[in-house]
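*Asks:* Coordinates in run23.cif, mmCIF, C-alpha atoms and all ligand atoms, are listed below.
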```
data_coords
#
loop_
_atom_site.label_atom_id
_atom_site.label_comp_id
_atom_site.auth_asym_id
_atom_site.auth_seq_id
_atom_site.Cartn_x
_atom_site.Cartn_y
_atom_site.Cartn_z
CA MET A 1 41.73 -30.13 -112.14
CA ASN A 2 38.93 -32.43 -111.01
CA THR A 3 39.22 -33.14 -107.29
CA SER A 4 35.85 -34.72 -106.51
CA GLY A 5 35.95 -37.59 -109.01
CA PHE A 6 33.87 -38.45 -112.06
CA HIS A 7 30.37 -39.59 -112.86
CA ILE A 8 30.87 -43.05 -114.39
CA ALA A 9 28.23 -45.13 -116.19
CA VAL A 10 28.69 -48.87 -116.79
CA VAL A 11 26.44 -50.18 -119.56
CA GLY A 12 26.07 -53.95 -119.30
CA ALA A 13 26.84 -53.89 -115.56
CA THR A 14 25.26 -57.32 -114.96
CA GLY A 15 27.32 -59.04 -117.69
CA ALA A 16 30.57 -61.01 -117.58
CA VAL A 17 32.59 -57.95 -118.72
CA GLY A 18 30.52 -55.42 -116.74
CA GLN A 19 31.17 -57.31 -113.51
CA GLN A 20 34.92 -57.19 -114.19
CA MET A 21 34.59 -53.46 -115.02
CA LEU A 22 33.23 -52.90 -111.51
CA ASN A 23 35.93 -55.08 -109.90
CA THR A 24 38.62 -53.22 -111.82
CA LEU A 25 37.26 -49.73 -111.01
CA GLU A 26 37.23 -50.81 -107.35
CA LYS A 27 40.73 -52.34 -107.40
CA ARG A 28 42.20 -49.27 -109.14
CA ASP A 29 40.32 -46.96 -106.75
CA PHE A 30 39.21 -44.97 -109.81
CA PRO A 31 37.98 -41.53 -108.66
CA ILE A 32 34.18 -41.86 -108.80
CA LYS A 33 31.74 -39.27 -107.48
CA GLN A 34 28.65 -40.89 -108.98
CA LEU A 35 28.02 -44.34 -110.47
CA THR A 36 25.20 -45.23 -112.87
CA LEU A 37 24.76 -48.95 -113.54
CA LEU A 38 22.78 -49.89 -116.63
CA SER A 39 21.45 -53.08 -118.24
CA SER A 40 18.47 -54.16 -120.30
CA ALA A 41 14.94 -54.10 -118.89
CA ARG A 42 15.48 -57.77 -117.89
CA SER A 43 17.89 -56.93 -115.05
CA ALA A 44 16.58 -53.45 -114.21
CA GLY A 45 15.85 -53.30 -110.48
CA SER A 46 18.35 -56.04 -109.59
CA THR A 47 21.39 -55.17 -107.48
CA VAL A 48 25.13 -55.61 -107.93
CA THR A 49 27.90 -55.11 -105.38
CA PHE A 50 30.49 -52.34 -105.67
CA LYS A 51 32.88 -51.42 -102.83
CA GLY A 52 30.89 -53.60 -100.41
CA LYS A 53 27.58 -51.82 -101.14
CA GLU A 54 24.55 -52.95 -103.13
CA TRP A 55 23.76 -50.76 -106.15
CA THR A 56 20.52 -50.90 -108.12
CA VAL A 57 20.77 -51.44 -111.86
CA GLU A 58 18.59 -49.34 -114.18
CA GLU A 59 17.41 -49.89 -117.73
CA ALA A 60 19.74 -48.11 -120.18
CA LYS A 61 17.97 -45.24 -121.98
CA PRO A 62 19.25 -42.11 -123.74
CA GLU A 63 18.40 -39.99 -120.65
CA SER A 64 20.52 -42.30 -118.44
CA PHE A 65 23.62 -40.43 -119.65
CA GLU A 66 22.70 -36.92 -118.40
CA GLY A 67 25.68 -35.61 -116.41
CA VAL A 68 27.84 -38.71 -117.09
CA ASP A 69 31.56 -37.97 -117.63
CA ILE A 70 32.73 -41.41 -118.83
CA ALA A 71 30.48 -44.26 -120.02
CA LEU A 72 31.98 -47.76 -120.22
CA PHE A 73 29.93 -49.81 -122.69
CA SER A 74 29.90 -53.63 -122.83
CA ALA A 75 26.34 -54.61 -123.73
CA GLY A 76 26.87 -55.74 -127.33
CA GLY A 77 27.33 -53.89 -130.61
CA SER A 78 23.68 -53.05 -131.25
CA VAL A 79 23.31 -51.38 -127.83
CA SER A 80 26.49 -49.36 -128.46
CA LYS A 81 25.30 -48.29 -131.91
CA LEU A 82 22.02 -47.08 -130.41
CA LEU A 83 23.15 -45.54 -127.12
CA ALA A 84 26.81 -44.45 -127.48
CA PRO A 85 25.86 -41.47 -129.72
CA GLU A 86 23.15 -40.55 -127.17
CA ALA A 87 25.76 -40.58 -124.39
CA VAL A 88 28.15 -38.44 -126.47
CA LYS A 89 25.32 -36.00 -127.30
CA ARG A 90 24.90 -35.51 -123.54
CA GLY A 91 28.60 -34.75 -123.00
CA ALA A 92 29.92 -38.15 -121.95
CA ILE A 93 33.09 -39.74 -123.33
CA VAL A 94 32.33 -43.34 -124.33
CA VAL A 95 34.83 -46.20 -123.97
CA ASP A 96 33.20 -48.90 -126.08
CA ASN A 97 34.06 -52.57 -125.65
CA THR A 98 32.16 -53.82 -128.71
CA SER A 99 33.10 -54.06 -132.38
CA ALA A 100 30.49 -51.39 -133.29
CA PHE A 101 32.93 -48.51 -133.91
CA ARG A 102 36.39 -50.13 -133.89
CA MET A 103 37.10 -49.68 -137.60
CA ASP A 104 35.48 -46.22 -137.85
CA PRO A 105 38.30 -43.86 -138.97
CA ASP A 106 37.00 -41.18 -136.56
CA VAL A 107 37.24 -43.52 -133.57
CA PRO A 108 40.62 -44.26 -131.94
CA LEU A 109 41.17 -47.96 -131.21
CA VAL A 110 43.44 -48.06 -128.20
CA VAL A 111 45.72 -50.34 -126.21
CA PRO A 112 47.46 -47.83 -123.91
CA GLU A 113 50.81 -49.69 -123.95
CA VAL A 114 50.81 -49.43 -127.76
CA ASN A 115 49.04 -46.25 -128.93
CA GLU A 116 47.91 -44.18 -125.94
CA GLU A 117 48.46 -40.95 -127.89
CA ASP A 118 45.63 -41.89 -130.30
CA ILE A 119 43.17 -41.16 -127.46
CA LYS A 120 43.79 -37.45 -128.06
CA LEU A 121 42.12 -37.77 -131.48
CA HIS A 122 38.78 -38.89 -130.05
CA ASN A 123 35.44 -37.37 -131.06
CA GLY A 124 33.51 -38.70 -128.08
CA ILE A 125 34.04 -42.43 -128.60
CA ILE A 126 37.18 -44.49 -127.96
CA ALA A 127 37.02 -48.17 -128.92
CA ASN A 128 38.47 -50.99 -126.85
CA PRO A 129 39.85 -53.65 -129.24
CA ASN A 130 38.89 -57.31 -129.37
CA CYS A 131 40.35 -59.35 -126.49
CA SER A 132 42.52 -61.58 -128.70
CA THR A 133 43.89 -58.57 -130.56
CA ILE A 134 44.83 -56.71 -127.36
CA GLN A 135 47.07 -59.41 -125.88
CA MET A 136 48.80 -59.95 -129.23
CA VAL A 137 49.59 -56.30 -130.03
CA ALA A 138 50.75 -55.58 -126.46
CA THR A 139 53.38 -58.31 -126.99
CA LEU A 140 54.31 -57.47 -130.59
CA GLU A 141 54.66 -53.69 -130.22
CA PRO A 142 58.03 -53.70 -128.40
CA ILE A 143 59.34 -56.20 -130.98
CA ARG A 144 58.08 -54.05 -133.88
CA LYS A 145 59.71 -50.93 -132.42
CA GLU A 146 63.13 -52.57 -132.16
CA TYR A 147 63.24 -54.98 -135.10
CA GLY A 148 60.30 -54.13 -137.41
CA LEU A 149 57.47 -56.52 -138.23
CA SER A 150 56.29 -57.79 -141.61
CA LYS A 151 54.05 -60.80 -141.00
CA VAL A 152 51.82 -62.24 -138.24
CA ILE A 153 50.05 -65.62 -138.31
CA VAL A 154 47.99 -66.37 -135.21
CA SER A 155 45.86 -69.29 -134.03
CA THR A 156 43.76 -68.66 -130.94
CA TYR A 157 42.48 -70.93 -128.17
CA GLN A 158 39.68 -68.79 -126.72
CA ALA A 159 37.76 -69.18 -123.48
CA VAL A 160 33.96 -69.33 -123.34
CA SER A 161 33.71 -66.26 -121.06
CA GLY A 162 34.51 -64.21 -124.18
CA ALA A 163 31.02 -65.14 -125.36
CA GLY A 164 29.32 -63.93 -122.16
CA ALA A 165 27.67 -65.26 -119.03
CA ALA A 166 25.33 -67.60 -120.95
CA ALA A 167 28.31 -69.37 -122.57
CA ILE A 168 29.99 -69.91 -119.18
CA ASP A 169 26.76 -71.48 -117.87
CA GLU A 170 26.52 -73.63 -121.01
CA LEU A 171 30.04 -75.05 -120.51
CA HIS A 172 29.35 -75.86 -116.85
CA GLU A 173 25.97 -77.48 -117.57
CA GLN A 174 27.22 -79.54 -120.54
CA SER A 175 30.29 -80.74 -118.64
CA GLN A 176 28.13 -81.87 -115.75
CA ALA A 177 25.59 -83.52 -118.08
CA ILE A 178 28.32 -85.44 -119.93
CA LEU A 179 29.96 -86.61 -116.69
CA ASN A 180 26.53 -87.73 -115.40
CA GLY A 181 25.70 -89.49 -118.68
CA GLU A 182 22.72 -87.16 -119.26
CA SER A 183 21.56 -85.69 -122.57
CA PHE A 184 21.69 -81.97 -123.39
CA SER A 185 21.07 -79.65 -126.32
CA PRO A 186 23.64 -76.94 -127.13
CA ALA A 187 21.97 -73.51 -127.34
CA VAL A 188 24.60 -70.76 -127.13
CA LEU A 189 27.89 -71.52 -128.93
CA PRO A 190 29.41 -70.91 -131.40
CA VAL A 191 27.13 -67.89 -131.95
CA LYS A 192 24.06 -66.66 -130.07
CA SER A 193 21.66 -66.73 -133.00
CA ASP A 194 19.42 -69.07 -134.93
CA GLU A 195 22.43 -70.75 -136.59
CA LYS A 196 23.52 -74.29 -135.61
CA HIS A 197 24.84 -74.82 -132.08
CA TYR A 198 27.52 -77.32 -131.10
CA GLN A 199 28.75 -78.98 -127.93
CA ILE A 200 31.60 -77.01 -126.33
CA ALA A 201 32.36 -79.29 -123.35
CA PHE A 202 35.26 -81.67 -124.22
CA ASN A 203 35.36 -80.14 -127.71
CA ALA A 204 37.03 -77.41 -129.81
CA ILE A 205 34.91 -75.23 -132.14
CA PRO A 206 36.76 -73.59 -135.06
CA GLN A 207 34.19 -70.79 -135.34
CA ILE A 208 33.98 -67.59 -133.28
CA ASP A 209 31.39 -65.10 -134.54
CA LYS A 210 29.79 -65.34 -137.99
CA PHE A 211 31.46 -66.33 -141.26
CA GLU A 212 32.37 -63.66 -143.80
CA GLU A 213 32.25 -64.25 -147.57
CA ASN A 214 36.06 -64.69 -147.70
CA GLY A 215 35.87 -67.83 -145.50
CA PHE A 216 37.28 -66.11 -142.41
CA THR A 217 35.04 -65.54 -139.38
CA PHE A 218 34.28 -62.04 -138.13
CA GLU A 219 36.44 -62.72 -135.04
CA GLU A 220 39.36 -63.53 -137.37
CA MET A 221 38.73 -60.39 -139.43
CA LYS A 222 38.57 -58.33 -136.21
CA MET A 223 42.05 -59.57 -135.30
CA ILE A 224 43.40 -58.90 -138.80
CA ASN A 225 41.96 -55.39 -139.23
CA GLU A 226 42.33 -54.18 -135.65
CA THR A 227 46.01 -55.22 -135.46
CA LYS A 228 46.84 -53.10 -138.53
CA LYS A 229 44.90 -50.10 -137.16
CA ILE A 230 46.34 -50.15 -133.61
CA MET A 231 49.92 -50.66 -134.82
CA HIS A 232 49.50 -48.06 -137.60
CA MET A 233 50.65 -50.68 -140.13
CA PRO A 234 48.04 -50.85 -142.92
CA THR A 235 50.28 -53.10 -145.04
CA LEU A 236 51.26 -55.57 -142.30
CA LYS A 237 50.50 -59.15 -143.38
CA VAL A 238 48.17 -60.67 -140.78
CA SER A 239 46.23 -63.93 -140.79
CA ALA A 240 44.17 -65.54 -138.02
CA THR A 241 42.35 -68.75 -137.10
CA CYS A 242 40.12 -68.40 -134.03
CA VAL A 243 38.99 -71.44 -132.06
CA ARG A 244 36.74 -71.71 -128.97
CA LEU A 245 37.88 -74.14 -126.27
CA PRO A 246 36.22 -75.48 -123.10
CA VAL A 247 38.24 -73.11 -120.90
CA VAL A 248 36.21 -70.72 -118.73
CA THR A 249 38.56 -67.73 -118.73
CA GLY A 250 41.91 -66.93 -120.37
CA HIS A 251 42.60 -66.70 -124.09
CA SER A 252 45.76 -68.37 -125.45
CA GLU A 253 47.44 -67.76 -128.80
CA SER A 254 50.09 -69.45 -130.87
CA VAL A 255 51.71 -66.59 -132.79
CA TYR A 256 54.22 -66.75 -135.67
CA ILE A 257 55.90 -63.50 -136.66
CA GLU A 258 58.45 -62.35 -139.19
CA ILE A 259 60.58 -59.35 -138.30
CA ASP A 260 62.85 -57.23 -140.55
CA ASN A 261 66.15 -58.38 -139.08
CA GLU A 262 67.61 -61.88 -139.51
CA ASP A 263 70.33 -61.68 -136.82
CA VAL A 264 67.96 -61.49 -133.85
CA THR A 265 68.09 -64.24 -131.20
CA VAL A 266 65.58 -65.55 -128.67
CA LYS A 267 67.68 -63.80 -126.00
CA ASP A 268 67.20 -60.48 -127.82
CA LEU A 269 63.42 -60.94 -127.77
CA HIS A 270 63.52 -61.99 -124.10
CA ARG A 271 65.43 -58.77 -123.27
CA LEU A 272 62.69 -56.69 -124.95
CA LEU A 273 59.78 -58.63 -123.46
CA ILE A 274 61.16 -58.46 -119.90
CA ASP A 275 60.92 -54.65 -120.07
CA ALA A 276 57.66 -54.46 -122.06
CA PRO A 277 54.90 -52.61 -120.18
CA GLY A 278 52.01 -54.86 -119.15
CA VAL A 279 53.83 -57.99 -120.37
CA THR A 280 55.28 -60.75 -118.17
CA LEU A 281 57.80 -63.17 -119.66
CA GLU A 282 57.38 -66.78 -118.49
CA ASP A 283 59.82 -68.71 -120.64
CA VAL A 284 62.09 -71.33 -119.08
CA PRO A 285 61.47 -74.51 -121.10
CA GLY A 286 64.01 -76.53 -119.07
CA GLU A 287 61.92 -75.89 -115.94
CA GLN A 288 58.57 -76.22 -117.77
CA VAL A 289 57.84 -72.52 -117.25
CA TYR A 290 55.31 -71.18 -119.77
CA PRO A 291 52.00 -69.28 -119.59
CA MET A 292 48.66 -71.08 -119.15
CA PRO A 293 45.13 -69.66 -118.94
CA ALA A 294 44.31 -71.25 -115.56
CA TYR A 295 47.22 -69.35 -114.03
CA ALA A 296 46.53 -66.05 -115.83
CA VAL A 297 42.97 -65.66 -114.52
CA GLY A 298 42.48 -62.60 -112.32
CA LYS A 299 45.80 -61.05 -113.37
CA PRO A 300 45.99 -57.86 -115.46
CA ASP A 301 49.14 -58.77 -117.44
CA VAL A 302 49.74 -60.42 -120.78
CA PHE A 303 51.94 -63.51 -120.35
CA VAL A 304 54.36 -64.69 -123.05
CA GLY A 305 56.53 -67.77 -123.35
CA ARG A 306 57.64 -70.58 -125.68
CA VAL A 307 59.65 -68.03 -127.70
CA ARG A 308 61.46 -69.95 -130.45
CA LYS A 309 63.33 -69.03 -133.61
CA ASP A 310 61.85 -70.70 -136.68
CA LEU A 311 63.96 -73.59 -137.97
CA ASP A 312 63.83 -72.48 -141.63
CA GLU A 313 63.14 -68.73 -141.63
CA ASP A 314 65.84 -66.56 -140.00
CA LYS A 315 63.42 -63.66 -139.55
CA GLY A 316 60.71 -65.92 -138.09
CA PHE A 317 59.77 -66.49 -134.43
CA HIS A 318 57.05 -68.47 -132.67
CA MET A 319 55.55 -67.61 -129.28
CA TRP A 320 52.65 -68.44 -126.96
CA ILE A 321 50.64 -65.54 -125.53
CA VAL A 322 48.05 -65.85 -122.74
CA SER A 323 45.91 -63.30 -120.91
CA ASP A 324 42.68 -62.98 -118.90
CA ASN A 325 40.25 -62.07 -121.70
CA LEU A 326 37.89 -60.30 -119.29
CA LEU A 327 40.69 -58.16 -117.77
CA LYS A 328 43.39 -56.99 -120.22
CA GLY A 329 41.10 -58.23 -123.01
CA ALA A 330 38.20 -56.06 -121.88
CA ALA A 331 37.63 -54.43 -118.45
CA TRP A 332 41.23 -53.59 -117.50
CA ASN A 333 42.04 -52.16 -120.94
CA SER A 334 38.85 -50.01 -120.78
CA VAL A 335 39.65 -48.72 -117.29
CA GLN A 336 43.22 -48.04 -118.45
CA ILE A 337 41.76 -45.91 -121.28
CA ALA A 338 39.63 -44.07 -118.70
CA GLU A 339 42.76 -43.52 -116.56
CA SER A 340 44.60 -42.21 -119.65
CA LEU A 341 41.72 -39.78 -120.33
CA VAL A 342 42.17 -38.39 -116.82
CA LYS A 343 45.99 -38.36 -117.07
CA LEU A 344 45.93 -36.55 -120.43
CA GLY A 345 43.45 -33.97 -119.10
CA LEU A 346 40.81 -34.99 -121.67
CA VAL A 347 37.95 -35.33 -119.19
CA LYS A 348 36.76 -32.38 -117.08
P1 LIG A 401 26.96 -60.93 -121.17
O1 LIG A 401 27.57 -61.62 -120.01
O2 LIG A 401 25.98 -61.66 -122.00
O3 LIG A 401 26.30 -59.56 -120.64
C1 LIG A 401 25.59 -58.70 -121.49
C2 LIG A 401 25.27 -57.41 -120.74
O4 LIG A 401 24.64 -56.50 -121.64
C3 LIG A 401 24.30 -57.62 -119.59
O5 LIG A 401 24.56 -56.69 -118.57
C4 LIG A 401 22.96 -57.31 -120.26
O6 LIG A 401 21.96 -56.91 -119.36
C5 LIG A 401 23.39 -56.12 -121.12
N1 LIG A 401 22.42 -55.88 -122.19
C6 LIG A 401 21.94 -56.77 -123.08
N2 LIG A 401 21.02 -56.17 -123.87
C7 LIG A 401 20.94 -54.89 -123.47
C8 LIG A 401 20.17 -53.77 -123.88
N3 LIG A 401 19.32 -53.86 -124.89
N4 LIG A 401 20.33 -52.59 -123.23
C9 LIG A 401 21.22 -52.48 -122.21
N5 LIG A 401 21.96 -53.51 -121.76
C10 LIG A 401 21.83 -54.69 -122.39
O7 LIG A 401 28.06 -60.44 -122.19
P2 LIG A 401 29.56 -59.92 -121.89
O8 LIG A 401 30.51 -61.03 -121.99
O9 LIG A 401 29.57 -59.09 -120.65
O10 LIG A 401 29.83 -59.03 -123.17
C11 LIG A 401 29.04 -57.92 -123.49
C12 LIG A 401 29.60 -57.29 -124.77
O11 LIG A 401 30.90 -56.79 -124.51
C13 LIG A 401 29.77 -58.29 -125.94
O12 LIG A 401 28.60 -58.41 -126.70
C14 LIG A 401 30.90 -57.66 -126.71
O13 LIG A 401 30.40 -56.73 -127.63
C15 LIG A 401 31.71 -56.97 -125.65
N6 LIG A 401 32.89 -57.77 -125.29
C16 LIG A 401 34.07 -57.32 -125.69
C17 LIG A 401 35.21 -58.02 -125.39
C18 LIG A 401 36.52 -57.55 -125.92
O14 LIG A 401 37.19 -58.33 -126.52
N7 LIG A 401 36.93 -56.34 -125.72
C19 LIG A 401 35.16 -59.19 -124.68
C20 LIG A 401 33.92 -59.66 -124.28
C21 LIG A 401 32.80 -58.92 -124.60
P3 LIG A 401 20.85 -57.97 -118.80
O15 LIG A 401 21.41 -58.51 -117.51
O16 LIG A 401 19.66 -57.08 -118.58
O17 LIG A 401 20.64 -59.01 -119.84
C1 LIG A 402 30.87 -59.84 -129.37
O1 LIG A 402 35.74 -64.19 -127.24
C2 LIG A 402 34.96 -63.54 -127.96
O2 LIG A 402 33.91 -64.01 -128.43
C3 LIG A 402 35.29 -62.11 -128.34
C4 LIG A 402 34.58 -61.02 -127.58
C5 LIG A 402 33.31 -60.57 -128.23
C6 LIG A 402 33.22 -59.45 -129.07
C7 LIG A 402 34.40 -58.58 -129.33
O3 LIG A 402 34.78 -57.83 -128.44
O4 LIG A 402 34.96 -58.58 -130.43
C8 LIG A 402 32.15 -61.29 -127.96
C9 LIG A 402 30.95 -60.95 -128.54
C10 LIG A 402 32.01 -59.09 -129.65
C11 LIG A 402 31.89 -57.91 -130.56
O5 LIG A 402 31.57 -56.82 -130.07
O6 LIG A 402 32.09 -58.07 -131.76
#
```
Let me see whether you can do it: turn the structure in this file into structure tokens.

*Replies:*
Amino acid sequence: MNTSGFHIAVVGATGAVGQQMLNTLEKRDFPIKQLTLLSSARSAGSTVTFKGKEWTVEEAKPESFEGVDIALFSAGGSVSKLLAPEAVKRGAIVVDNTSAFRMDPDVPLVVPEVNEEDIKLHNGIIANPNCSTIQMVATLEPIRKEYGLSKVIVSTYQAVSGAGAAAIDELHEQSQAILNGESFSPAVLPVKSDEKHYQIAFNAIPQIDKFEENGFTFEEMKMINETKKIMHMPTLKVSATCVRLPVVTGHSESVYIEIDNEDVTVKDLHRLLIDAPGVTLEDVPGEQVYPMPAYAVGKPDVFVGRVRKDLDEDKGFHMWIVSDNLLKGAAWNSVQIAESLVKLGLVK
């Protein structure tokens, strides 16, 4: 039994997710005996605040992981591909927030409310799913358990913070420029690369991540493939359309599902969702009670409302799911995985 706490490394500590990792570790009072904060060479030497103290950030290198018990990675897929195996080689357990290993059959992909037991199968790396996937499966799992699930069609309304600190700055700067009647040139969204960039302020961009040959974007394919893996339902029918909106934080989703039972009512689903772990039901249409991203920011839960039975399909339901993409979608889910590792006795 560890009594002194753990040596934790945060890779990407200066980023939008990394900052929330630190806030969440602090809020949860995670038992830490040593903290190593890592970034690229660009931010090395800068300081970040944790528990009221300034901590110096170092450049992430293979040797940075000597003696680390748990390494929380959120510095992009290429950094994870390069450095996560180096961390594992040095005895650390990696909780990876990128898409680098999510579909690797040897890597558990975990939302603790849904498949915590999968953590036990880890070989050094545990993947944190995509933000939009997490909030959807946390809501659908209790429904699947009780009534089965055969089809999911989701459209997302995703916040710019999902695309990192540079995208948040871009939304602020463009909004200000437009309101001041000044010109600007988009440089970050929809994807940080040499592809075309579009205005995000006062707009909606139906592209998140790169396009695949099948016409879906990689973000859409992440939602489709990750949902099947986490829910252990390889034959589940899933389809997704992912859209970026000028919202700073908080992803929203319009979700249509088909279950296996045609006699289920909205009240039945409400009864399940009220008791679902990590889910808060906000669904009183007569009083205009429903979830919204501006009111979900800073909260760890997944919020669900607008639950309706389809007018033509007896097994069909519609709902609206909202969560803070940087918390349950990223940092909080990762810290939950770290807490599960401790609880299950999987970390010394
Ligand atoms: P961000 O705000 O752009 O921050 C990126 C972080 O990565 C910064 O700390 C940056 O350090 C660091 N970094 C960049 N290149 C590096 C390198 N070569 N070596 C070490 N560190 C490096 O992005 P973010 O929003 O925090 O997201 C980071 C990653 O987390 C994303 O790329 C994505 O893979 C993942 N993510 C996952 C979810 C999810 O759904 N679970 C949600 C959001 C993000 P500097 O300060 O030195 O640049
Ligand atoms: C890279 O909102 C978003 O853009 C999704 C978060 C994200 C991811 C992810 O976690 O799927 C942003 C940038 C990735 C990734 O690792 O593929």

*Asks:* Any idea what's packed within 12 Å of Gly5 of chain A, counting all atoms listed in the file, ignoring anything in its chain fewer than 3 positions away? Could you give it as a PyMOL selection string?

*Replies:* chain A and resi 1-2+8+29-35+68-70+339+342+347-348

*Asks:* Those same residues, written as a PDB file, in the frame of the given file with C-alpha atoms?

*Replies:*
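Resulting contents of out_2.pdb:
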```pdb
ATOM      1  CA  MET A   1      41.730 -30.130-112.140  1.00  0.00           C
ATOM      2  CA  ASN A   2      38.930 -32.430-111.010  1.00  0.00           C
ATOM      3  CA  ILE A   8      30.870 -43.050-114.390  1.00  0.00           C
ATOM      4  CA  ASP A  29      40.320 -46.960-106.750  1.00  0.00           C
ATOM      5  CA  PHE A  30      39.210 -44.970-109.810  1.00  0.00           C
ATOM      6  CA  PRO A  31      37.980 -41.530-108.660  1.00  0.00           C
ATOM      7  CA  ILE A  32      34.180 -41.860-108.800  1.00  0.00           C
ATOM      8  CA  LYS A  33      31.740 -39.270-107.480  1.00  0.00           C
ATOM      9  CA  GLN A  34      28.650 -40.890-108.980  1.00  0.00           C
ATOM     10  CA  LEU A  35      28.020 -44.340-110.470  1.00  0.00           C
ATOM     11  CA  VAL A  68      27.840 -38.710-117.090  1.00  0.00           C
ATOM     12  CA  ASP A  69      31.560 -37.970-117.630  1.00  0.00           C
ATOM     13  CA  ILE A  70      32.730 -41.410-118.830  1.00  0.00           C
ATOM     14  CA  GLU A 339      42.760 -43.520-116.560  1.00  0.00           C
ATOM     15  CA  VAL A 342      42.170 -38.390-116.820  1.00  0.00           C
ATOM     16  CA  VAL A 347      37.950 -35.330-119.190  1.00  0.00           C
ATOM     17  CA  LYS A 348      36.760 -32.380-117.080  1.00  0.00           C
TER      18      LYS A 348
END
```

*Asks:* Compare A:Tyr157, A:Phe303, A:Phe202, A:Phe184 by their minimum atom-to-atom distance to ligand LIG 402 (chain A), counting all atoms listed in the file, and give me the closest one.

*Replies:*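 Residue with the minimum atom-to-atom distance to ligand LIG 402 (chain A): A:Tyr157.
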
*Asks:* Could you jot down the atom CA of Pro112 of chain A to atom C14 of ligand LIG 401 (chain A) separation for me, Å, one decimal place?

*Replies:*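 Answer for the atom CA of Pro112 of chain A to atom C14 of ligand LIG 401 (chain A) separation: 19.5 Å.
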
*Asks:* Place a sphere of radius 12 Å on (29.9, -58.3, -103.5) in the file coordinates and name every protein, DNA or RNA residue with an atom inside or on its surface, counting all atoms listed in the file; give the answer as a ChimeraX atom specification.

*Replies:* /A:19-20,22-23,26,47-55

*Asks:* Go ahead and write the residues just picked, C-alpha atoms, as a PDB file, in the coordinates of the input.

*Replies:*
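So the final result, stored in result-v4.pdb, reads:
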```
ATOM      1  CA  GLN A  19      31.170 -57.310-113.510  1.00  0.00           C
ATOM      2  CA  GLN A  20      34.920 -57.190-114.190  1.00  0.00           C
ATOM      3  CA  LEU A  22      33.230 -52.900-111.510  1.00  0.00           C
ATOM      4  CA  ASN A  23      35.930 -55.080-109.900  1.00  0.00           C
ATOM      5  CA  GLU A  26      37.230 -50.810-107.350  1.00  0.00           C
ATOM      6  CA  THR A  47      21.390 -55.170-107.480  1.00  0.00           C
ATOM      7  CA  VAL A  48      25.130 -55.610-107.930  1.00  0.00           C
ATOM      8  CA  THR A  49      27.900 -55.110-105.380  1.00  0.00           C
ATOM      9  CA  PHE A  50      30.490 -52.340-105.670  1.00  0.00           C
ATOM     10  CA  LYS A  51      32.880 -51.420-102.830  1.00  0.00           C
ATOM     11  CA  GLY A  52      30.890 -53.600-100.410  1.00  0.00           C
ATOM     12  CA  LYS A  53      27.580 -51.820-101.140  1.00  0.00           C
ATOM     13  CA  GLU A  54      24.550 -52.950-103.130  1.00  0.00           C
ATOM     14  CA  TRP A  55      23.760 -50.760-106.150  1.00  0.00           C
TER      15      TRP A  55
END
```

*Asks:* Name the residues, by chain letter and number, that sit within 10 Å of ligand LIG 402 (chain A) using all atoms listed in the file, and give them as a PyMOL selection string.

*Replies:* chain A and resi 17+74-78+80+96-102+127-133+156-164+167+189-192+207-210+218-223+242-244+249-251+325-326+329-330

*Asks:* Check the smallest atom-to-atom distance from each of A:Glu116, A:Glu58, A:Glu63, A:Asp275 to ligand LIG 401 (chain A) using all atoms listed in the file, then report the winner.

*Replies:* A:Glu58

*Asks:* Let me make sure I understand: among A:Ala294, A:Leu327, A:Ala87, A:Met136, which one has the smallest atom-to-atom distance to ligand LIG 401 (chain A) if we use all atoms listed in the file?

*Replies:* A:Leu327

*Asks:* Taking (48.4, -70.4, -128.2) in the file's coordinates, which residues come within 7 Å, counting only C-alpha atoms, written as a PyMOL selection string?

*Replies:* chain A and resi 155-157+252-255+320-321

*Asks:* For Asn115 of chain A, please output as a PyMOL selection string all residues within 9 Å (counting all atoms listed in the file; exclusion window: fewer than 3 positions along the same chain).

*Replies:* chain A and resi 109-112+118-119+230-232

*Asks:* Enter the distance from atom CA of Lys229 of chain A to atom C17 of ligand LIG 401 (chain A), in Å, rounded to one decimal.

*Replies:*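 It comes out at 17.2 Å.
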
*Asks:* Report as AutoDock Vina command-line options the centre and the edge lengths, in Å to one decimal, of the axis-aligned box holding every listed atom of ligand LIG 401 (chain A), padded by 3 Å on each side.

*Replies:*
```
--center_x 28.3 --center_y -57.1 --center_z -122.6 --size_x 23.9 --size_y 15.2 --size_z 16.1
```

*Asks:* Nearest to ligand LIG 401 (chain A): which of A:Ala60, A:Val114, A:Val307, A:Val88 is it, counting all atoms listed in the file?

*Replies:*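 Closest candidate: A:Ala60.
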
*Asks:* Distance atom CA of Gly345 of chain A-atom CA of Leu83 of chain A, one decimal place?

*Replies:*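 According to the coordinates, atom CA of Gly345 of chain A and atom CA of Leu83 of chain A are separated by 24.7 Å.
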
*Asks:* Identify which of the residues A:Asn180, A:Ser150, A:Asn333, A:Ser340 lies closest to ligand LIG 401 (chain A), counting all atoms listed in the file when measuring atom-to-atom distances.

*Replies:* A:Asn333

*Asks:* Find the residue from A:Thr56, A:Ser46, A:Gln135, A:Gln176 that sits nearest to Ser323 of chain A; use only C-alpha atoms when measuring.

*Replies:* A:Gln135

*Asks:* Could you list, as JSON, numbers by chain, every residue within 7 Å of Glu59 of chain A, counting all atoms listed in the file and ignoring same-chain residues fewer than 3 positions away?

*Replies:* {"A": [38, 39, 40, 41, 44]}
